[in-house]
file structure_37.cif (mmCIF, C-alpha atoms)
data_coords
loop_
_atom_site.label_atom_id
_atom_site.label_comp_id
_atom_site.auth_asym_id
_atom_site.auth_seq_id
_atom_site.Cartn_x
_atom_site.Cartn_y
_atom_site.Cartn_z
CA MET A 166 34.85 0.17 -33.57
CA ALA A 167 34.45 2.29 -30.41
CA ASN A 168 31.57 4.21 -32.00
CA ILE A 169 29.86 0.97 -32.94
CA SER A 170 30.17 -0.28 -29.33
CA ILE A 171 28.73 2.95 -27.93
CA HIS A 172 25.82 2.85 -30.39
CA PHE A 173 25.19 -0.79 -29.47
CA LEU A 174 25.12 0.05 -25.75
CA PHE A 175 22.61 2.87 -26.30
CA PHE A 176 20.49 0.55 -28.47
CA THR A 177 20.40 -2.22 -25.87
CA PHE A 178 19.60 0.31 -23.13
CA PHE A 179 16.71 1.70 -25.20
CA ILE A 180 15.36 -1.81 -25.84
CA SER A 181 15.59 -2.61 -22.11
CA LEU A 182 13.48 0.46 -21.35
CA LEU A 183 10.82 -0.79 -23.75
CA ILE A 184 10.80 -4.24 -22.18
CA PHE A 185 11.30 -3.22 -18.53
CA PRO A 186 10.26 0.44 -18.21
CA ILE A 187 11.69 2.12 -15.11
CA SER A 188 8.84 3.01 -12.81
CA SER A 189 8.35 3.67 -9.12
CA GLN A 190 4.71 2.59 -9.30
CA GLU A 191 3.40 -0.70 -7.94
CA VAL A 192 3.42 -3.63 -10.36
CA GLU A 193 -0.07 -4.01 -11.80
CA ASN A 194 -0.29 -7.81 -11.92
CA GLU A 195 1.28 -10.89 -10.36
CA LYS A 196 2.61 -12.58 -13.49
CA ASP A 197 6.19 -11.72 -12.56
CA PHE A 198 6.07 -12.26 -8.78
CA ASP A 199 4.21 -14.08 -6.03
CA TYR A 200 4.28 -14.52 -2.27
CA ASN A 201 5.83 -18.00 -2.24
CA ASN A 202 9.33 -16.52 -1.88
CA PRO A 203 9.19 -12.73 -1.45
CA THR A 204 12.87 -12.65 -0.41
CA ARG A 205 13.74 -13.28 -4.08
CA TRP A 206 11.81 -10.32 -5.55
CA GLY A 207 14.98 -8.25 -5.82
CA GLU A 208 16.52 -10.86 -8.14
CA ILE A 209 13.72 -10.93 -10.73
CA HIS A 210 14.32 -7.60 -12.52
CA PRO A 211 17.16 -5.08 -12.15
CA GLU A 212 14.71 -2.26 -11.39
CA TRP A 213 13.37 -4.31 -8.46
CA LYS A 214 16.74 -4.47 -6.69
CA SER A 215 15.46 -2.33 -3.79
CA CYS A 216 13.31 -5.31 -2.77
CA GLY A 217 16.54 -7.12 -1.92
CA ASN A 218 19.06 -4.47 -0.91
CA GLY A 219 16.96 -1.46 0.10
CA THR A 220 17.59 0.06 3.53
CA MET A 221 14.18 1.71 4.05
CA GLN A 222 11.84 -1.15 3.25
CA SER A 223 8.27 -1.77 4.44
CA PRO A 224 6.48 -3.24 6.31
CA ILE A 225 8.04 -3.00 9.76
CA ASP A 226 7.12 -3.90 13.32
CA LEU A 227 5.76 -0.89 15.21
CA LEU A 228 7.52 -1.71 18.44
CA ASP A 229 6.72 0.42 21.50
CA GLU A 230 10.37 0.49 22.58
CA ARG A 231 11.37 1.98 19.20
CA VAL A 232 8.59 4.57 18.92
CA SER A 233 8.99 8.19 19.99
CA ILE A 234 5.77 9.90 21.08
CA VAL A 235 5.24 13.36 19.54
CA SER A 236 2.45 15.94 19.44
CA HIS A 237 3.67 18.29 16.71
CA LEU A 238 2.76 16.29 13.58
CA GLY A 239 -0.89 17.35 13.69
CA GLY A 240 -4.05 15.60 12.59
CA LEU A 241 -4.46 14.16 9.11
CA LYS A 242 -5.57 16.89 6.69
CA ARG A 243 -7.86 14.95 4.37
CA ASN A 244 -9.84 16.68 1.66
CA TYR A 245 -11.37 13.69 -0.10
CA LYS A 246 -14.23 13.78 -2.61
CA PRO A 247 -16.56 11.19 -4.20
CA SER A 248 -15.26 10.00 -7.57
CA ASN A 249 -15.82 7.23 -10.09
CA ALA A 250 -13.93 4.07 -9.22
CA THR A 251 -13.11 0.65 -10.65
CA LEU A 252 -12.45 -2.54 -8.70
CA LYS A 253 -9.41 -4.28 -10.19
CA ASN A 254 -8.12 -7.77 -9.63
CA ARG A 255 -4.33 -7.37 -9.86
CA GLY A 256 -3.60 -11.03 -9.23
CA HIS A 257 -1.81 -10.25 -5.97
CA ASP A 258 -4.57 -8.12 -4.44
CA MET A 259 -7.91 -6.42 -4.96
CA MET A 260 -7.52 -2.71 -5.74
CA LEU A 261 -10.12 0.04 -5.83
CA GLU A 262 -8.84 2.66 -8.27
CA TRP A 263 -10.37 6.10 -8.59
CA ASN A 264 -10.43 7.91 -11.95
CA SER A 265 -7.33 9.62 -13.32
CA SER A 266 -7.94 12.85 -11.41
CA GLY A 267 -8.06 10.97 -8.11
CA ALA A 268 -10.45 11.33 -5.19
CA GLY A 269 -9.20 14.39 -3.37
CA THR A 270 -6.05 15.02 -1.40
CA LEU A 271 -4.12 14.36 1.78
CA GLU A 272 -1.85 17.22 2.90
CA ILE A 273 1.34 16.48 4.83
CA ASN A 274 4.02 19.09 5.60
CA GLY A 275 2.47 21.48 3.09
CA ILE A 276 2.55 18.92 0.25
CA LYS A 277 -0.70 17.72 -1.30
CA TYR A 278 -0.89 14.05 -2.23
CA VAL A 279 -3.76 12.92 -4.50
CA LEU A 280 -5.62 9.75 -3.46
CA LYS A 281 -5.23 7.34 -6.38
CA GLN A 282 -6.25 3.92 -5.09
CA CYS A 283 -6.65 1.64 -2.12
CA HIS A 284 -6.01 -2.09 -1.78
CA TRP A 285 -5.96 -4.82 0.86
CA HIS A 286 -3.44 -7.27 2.32
CA SER A 287 -4.24 -10.24 4.53
CA PRO A 288 -3.04 -10.81 7.13
CA THR A 289 -1.62 -7.40 8.06
CA GLU A 290 1.80 -6.54 6.70
CA HIS A 291 2.76 -4.24 9.58
CA THR A 292 2.78 -5.65 13.09
CA VAL A 293 2.41 -3.93 16.46
CA ASN A 294 4.77 -5.29 19.11
CA GLY A 295 4.93 -8.45 17.03
CA ASP A 296 1.15 -8.87 16.84
CA ARG A 297 -0.32 -9.46 13.39
CA TYR A 298 -3.99 -8.83 12.60
CA ALA A 299 -6.42 -10.12 9.96
CA LEU A 300 -6.38 -7.37 7.31
CA GLU A 301 -4.58 -4.20 6.27
CA LEU A 302 -5.89 -1.48 3.96
CA HIS A 303 -3.49 0.81 2.09
CA MET A 304 -4.69 4.17 0.76
CA VAL A 305 -2.09 5.21 -1.84
CA HIS A 306 -1.55 8.91 -2.54
CA GLU A 307 0.81 10.56 -5.03
CA SER A 308 2.15 14.13 -5.22
CA LYS A 309 2.67 16.14 -8.39
CA ASP A 310 6.36 15.31 -8.36
CA GLY A 311 5.75 11.56 -8.06
CA LYS A 312 6.26 11.04 -4.33
CA TYR A 313 4.07 8.59 -2.43
CA ALA A 314 2.23 8.80 0.88
CA VAL A 315 0.35 5.74 2.14
CA VAL A 316 -2.22 5.63 4.93
CA GLY A 317 -2.57 2.15 6.43
CA ILE A 318 -5.47 0.82 8.52
CA MET A 319 -5.39 -2.53 10.32
CA TYR A 320 -8.39 -4.74 11.08
CA LYS A 321 -9.05 -7.61 13.47
CA ILE A 322 -11.93 -10.06 13.22
CA GLY A 323 -15.14 -8.64 14.65
CA ARG A 324 -18.05 -6.51 13.48
CA PRO A 325 -18.47 -5.85 9.72
CA ASP A 326 -16.57 -2.98 8.16
CA SER A 327 -19.13 -0.68 6.53
CA PHE A 328 -16.90 0.27 3.59
CA LEU A 329 -16.25 -3.37 2.69
CA THR A 330 -19.97 -4.06 3.09
CA SER A 331 -20.66 -1.46 0.40
CA LEU A 332 -18.35 -3.35 -1.99
CA THR A 333 -19.62 -6.86 -1.25
CA ASP A 334 -21.75 -7.29 -4.38
CA LYS A 335 -18.89 -6.20 -6.65
CA LEU A 336 -16.41 -8.49 -4.90
CA VAL A 337 -18.82 -11.41 -5.20
CA SER A 338 -19.23 -10.72 -8.94
CA VAL A 339 -15.46 -10.95 -9.42
CA ALA A 340 -14.90 -13.99 -7.20
CA GLY A 341 -14.92 -17.28 -9.07
CA THR A 342 -14.67 -15.60 -12.48
CA LYS A 343 -11.83 -14.41 -14.67
CA GLU A 344 -13.10 -10.85 -14.66
CA GLU A 345 -10.27 -8.47 -13.80
CA ASN A 346 -12.11 -5.14 -13.73
CA THR A 347 -15.60 -4.13 -12.67
CA ALA A 348 -17.01 -0.60 -12.53
CA VAL A 349 -18.15 0.40 -9.06
CA GLY A 350 -19.50 3.88 -9.78
CA ILE A 351 -19.15 6.81 -7.42
CA VAL A 352 -17.19 5.93 -4.27
CA ASN A 353 -16.59 8.37 -1.43
CA PRO A 354 -13.25 7.70 0.32
CA LYS A 355 -14.63 9.48 3.37
CA ASP A 356 -16.62 6.28 3.91
CA ILE A 357 -13.35 4.57 4.88
CA LYS A 358 -13.48 4.91 8.65
CA ILE A 359 -10.28 5.72 10.53
CA GLY A 360 -11.68 6.30 14.01
CA SER A 361 -8.55 7.64 15.69
CA ARG A 362 -6.40 10.76 15.65
CA LYS A 363 -3.35 8.78 16.74
CA TYR A 364 -1.01 7.37 14.12
CA TYR A 365 2.49 6.05 13.50
CA ARG A 366 4.71 7.89 10.99
CA TYR A 367 7.90 6.67 9.33
CA ILE A 368 9.72 6.61 5.97
CA GLY A 369 9.53 3.29 4.16
CA SER A 370 8.77 1.75 0.76
CA LEU A 371 6.09 0.22 -1.38
CA THR A 372 5.45 -3.32 -0.12
CA VAL A 373 5.29 -4.86 -3.61
CA PRO A 374 7.79 -4.60 -6.49
CA PRO A 375 9.57 -2.39 -7.35
CA CYS A 376 9.68 -1.69 -3.57
CA SER A 377 10.42 2.01 -4.23
CA GLU A 378 11.70 3.83 -1.15
CA ASN A 379 11.10 7.26 0.41
CA VAL A 380 7.41 6.49 0.83
CA LEU A 381 5.81 8.47 3.65
CA TRP A 382 3.88 6.00 5.80
CA THR A 383 1.03 6.85 8.17
CA MET A 384 -0.28 3.81 10.07
CA VAL A 385 -3.47 4.50 12.04
CA LYS A 386 -3.03 3.29 15.63
CA LYS A 387 -6.60 2.15 16.18
CA VAL A 388 -7.23 -1.41 14.99
CA ARG A 389 -10.67 -1.58 13.41
CA THR A 390 -12.82 -4.66 12.74
CA ALA A 391 -14.01 -6.71 9.75
CA THR A 392 -15.70 -10.08 9.57
CA LYS A 393 -14.06 -13.37 8.63
CA GLU A 394 -16.26 -13.44 5.52
CA GLN A 395 -15.12 -9.99 4.43
CA VAL A 396 -11.46 -10.98 4.75
CA ARG A 397 -12.11 -14.29 3.00
CA LEU A 398 -13.92 -12.64 0.11
CA LEU A 399 -11.01 -10.30 -0.56
CA ARG A 400 -8.72 -13.31 -0.92
CA VAL A 401 -11.18 -15.50 -2.89
CA ALA A 402 -11.72 -12.74 -5.43
CA VAL A 403 -7.99 -12.67 -6.21
CA HIS A 404 -6.87 -14.99 -9.02
CA ASP A 405 -3.94 -16.63 -7.27
CA GLU A 406 -3.22 -19.72 -5.21
CA SER A 407 -1.77 -17.97 -2.18
CA ASP A 408 -3.40 -17.91 1.23
CA THR A 409 -1.62 -14.65 1.99
CA ASN A 410 -0.46 -11.50 0.23
CA ALA A 411 1.51 -10.00 3.10
CA ARG A 412 5.19 -9.23 2.69
CA PRO A 413 7.38 -10.30 5.65
CA ILE A 414 8.57 -7.73 8.19
CA GLN A 415 11.65 -5.75 7.08
CA LYS A 416 14.56 -4.39 9.14
CA THR A 417 14.18 -0.85 10.46
CA ASN A 418 17.92 -0.10 10.07
CA GLY A 419 17.75 2.62 12.68
CA ARG A 420 14.87 4.51 11.11
CA LYS A 421 12.87 6.93 13.25
CA VAL A 422 9.31 5.82 14.02
CA GLN A 423 7.00 8.40 15.58
CA LEU A 424 3.63 8.04 17.27
CA TYR A 425 1.49 11.15 16.96
CA ARG A 426 -0.63 11.72 20.05
CA PRO A 427 -2.61 14.97 20.41
CA ASP A 428 -1.87 17.15 23.43
CA VAL A 429 -5.54 17.04 24.39
CA GLU A 430 -6.43 13.81 26.15
CA SER A 431 -9.04 11.79 24.30
CA ASN A 432 -10.70 8.42 24.60
CA ASP A 433 -9.81 7.25 21.10
CA ASP A 434 -7.10 4.64 20.52
#
call {"tool": "encode", "arguments": {"input": "structure_37.cif", "output": "structure tokens"}}
result
Amino acid sequence: MANISIHFLFFTFFISLLIFPISSQEVENEKDFDYNNPTRWGEIHPEWKSCGNGTMQSPIDLLDERVSIVSHLGGLKRNYKPSNATLKNRGHDMMLEWNSSGAGTLEINGIKYVLKQCHWHSPTEHTVNGDRYALELHMVHESKDGKYAVVGIMYKIGRPDSFLTSLTDKLVSVAGTKEENTAVGIVNPKDIKIGSRKYYRYIGSLTVPPCSENVLWTMVKKVRTATKEQVRLLRVAVHDESDTNARPIQKTNGRKVQLYRPDVESNDD
């Protein structure tokens, strides 16, 4: 009888892996979650429990009083390259995904992270001293051993963003249709403007299920600009009924947040 019970447990565990495979990657569509009640994400699937009880969750408020200013982190070592990309409607956001080999690398602390995709949230998920802006771009990188590094850029309403301008026709073709994927062709991630050497650095999580932790976050300090139409188009193209896809601010739980500022004085933000 004991052997039968053990075999049954292994069988049910195997079946659960087939139905709910364990993965640290972002969920690819919104069928299982939405932004109506993000505080309940951790209750939907067992492997999403970090969304509810994690201690290093993102996004957070980048509060001046909590930030320590440092000069030793160094500038971002980006070695990006043009690669074929596809614009994907994931139901909860629009994602630009480069081909399987990625679009070059970002090196942090001697570790190379391959740029896999970027996507947008509106309004911003992170806040600065409580201030929330119109749009936030996440550039998602992954190392050979499956660790994630995300570079985030925030935007306020103003002049057009040139990178979004280059994607306008593709976004328009997806908006109002049920098309989920559209080929974009060669996209150079260097066209994503950062415009500042200063950045915030902390350890957090993915901001969508499964909310995997130990993600290395780099939030660019300079707030760039995009037009109201560009922000609107990113939301219209998504096949959902939400007016937002921004996760609420999470507790810092005593985490260290650093602001890298070069020793050499500069006029950038």
call {"tool": "closest_residue", "arguments": {"input": "structure_37.cif", "among": "A:Ala250, A:Gly275, A:Ala314, A:Gly295", "to": "Glu378 (chain A)", "atoms": "all atoms listed in the file"}}
result
A:Ala314
call {"tool": "residues_around", "arguments": {"input": "structure_37.cif", "residues": "His404 (chain A)", "least_positions_apart": "5", "cutoff": "9 Å", "atoms": "all atoms listed in the file", "output": "PyMOL selection string"}}
result
chain A and resi 254-258+340-343+345
call {"tool": "write_last_selection", "arguments": {"input": "structure_37.cif", "atoms": "C-alpha atoms", "output": "PDB file, keeping the file's coordinate frame"}}
result
ATOM      1  CA  ASN A 254      -8.120  -7.770  -9.630  1.00  0.00           C
ATOM      2  CA  ARG A 255      -4.330  -7.370  -9.860  1.00  0.00           C
ATOM      3  CA  GLY A 256      -3.600 -11.030  -9.230  1.00  0.00           C
ATOM      4  CA  HIS A 257      -1.810 -10.250  -5.970  1.00  0.00           C
ATOM      5  CA  ASP A 258      -4.570  -8.120  -4.440  1.00  0.00           C
ATOM      6  CA  ALA A 340     -14.900 -13.990  -7.200  1.00  0.00           C
ATOM      7  CA  GLY A 341     -14.920 -17.280  -9.070  1.00  0.00           C
ATOM      8  CA  THR A 342     -14.670 -15.600 -12.480  1.00  0.00           C
ATOM      9  CA  LYS A 343     -11.830 -14.410 -14.670  1.00  0.00           C
ATOM     10  CA  GLU A 345     -10.270  -8.470 -13.800  1.00  0.00           C
TER      11      GLU A 345
END
call {"tool": "resolve_selection", "arguments": {"input": "structure_37.cif", "expression": "the PyMOL selection byres ((chain A and resi 260) around 8)", "output": "list in words"}}
result
Leu252, Lys253, Asn254, Arg255, Asp258, Met259, Leu261, Glu262, Gln282, Cys283, His284 and Trp285 of chain A
call {"tool": "resolve_selection", "arguments": {"input": "structure_37.cif", "expression": "the PyMOL selection byres ((chain A and resi 286) around 8)", "output": "JSON, numbers by chain"}}
result
{"A": [258, 284, 285, 287, 288, 289, 290, 300, 301, 302, 409, 410, 411]}
call {"tool": "axis_aligned_box", "arguments": {"input": "structure_37.cif", "around": "region 225-240 of chain A", "padding_each_side": "5 Å", "output": "AutoDock Vina command-line options"}}
result
--center_x 3.7 --center_y 7.2 --center_z 16.2 --size_x 25.4 --size_y 32.2 --size_z 22.8
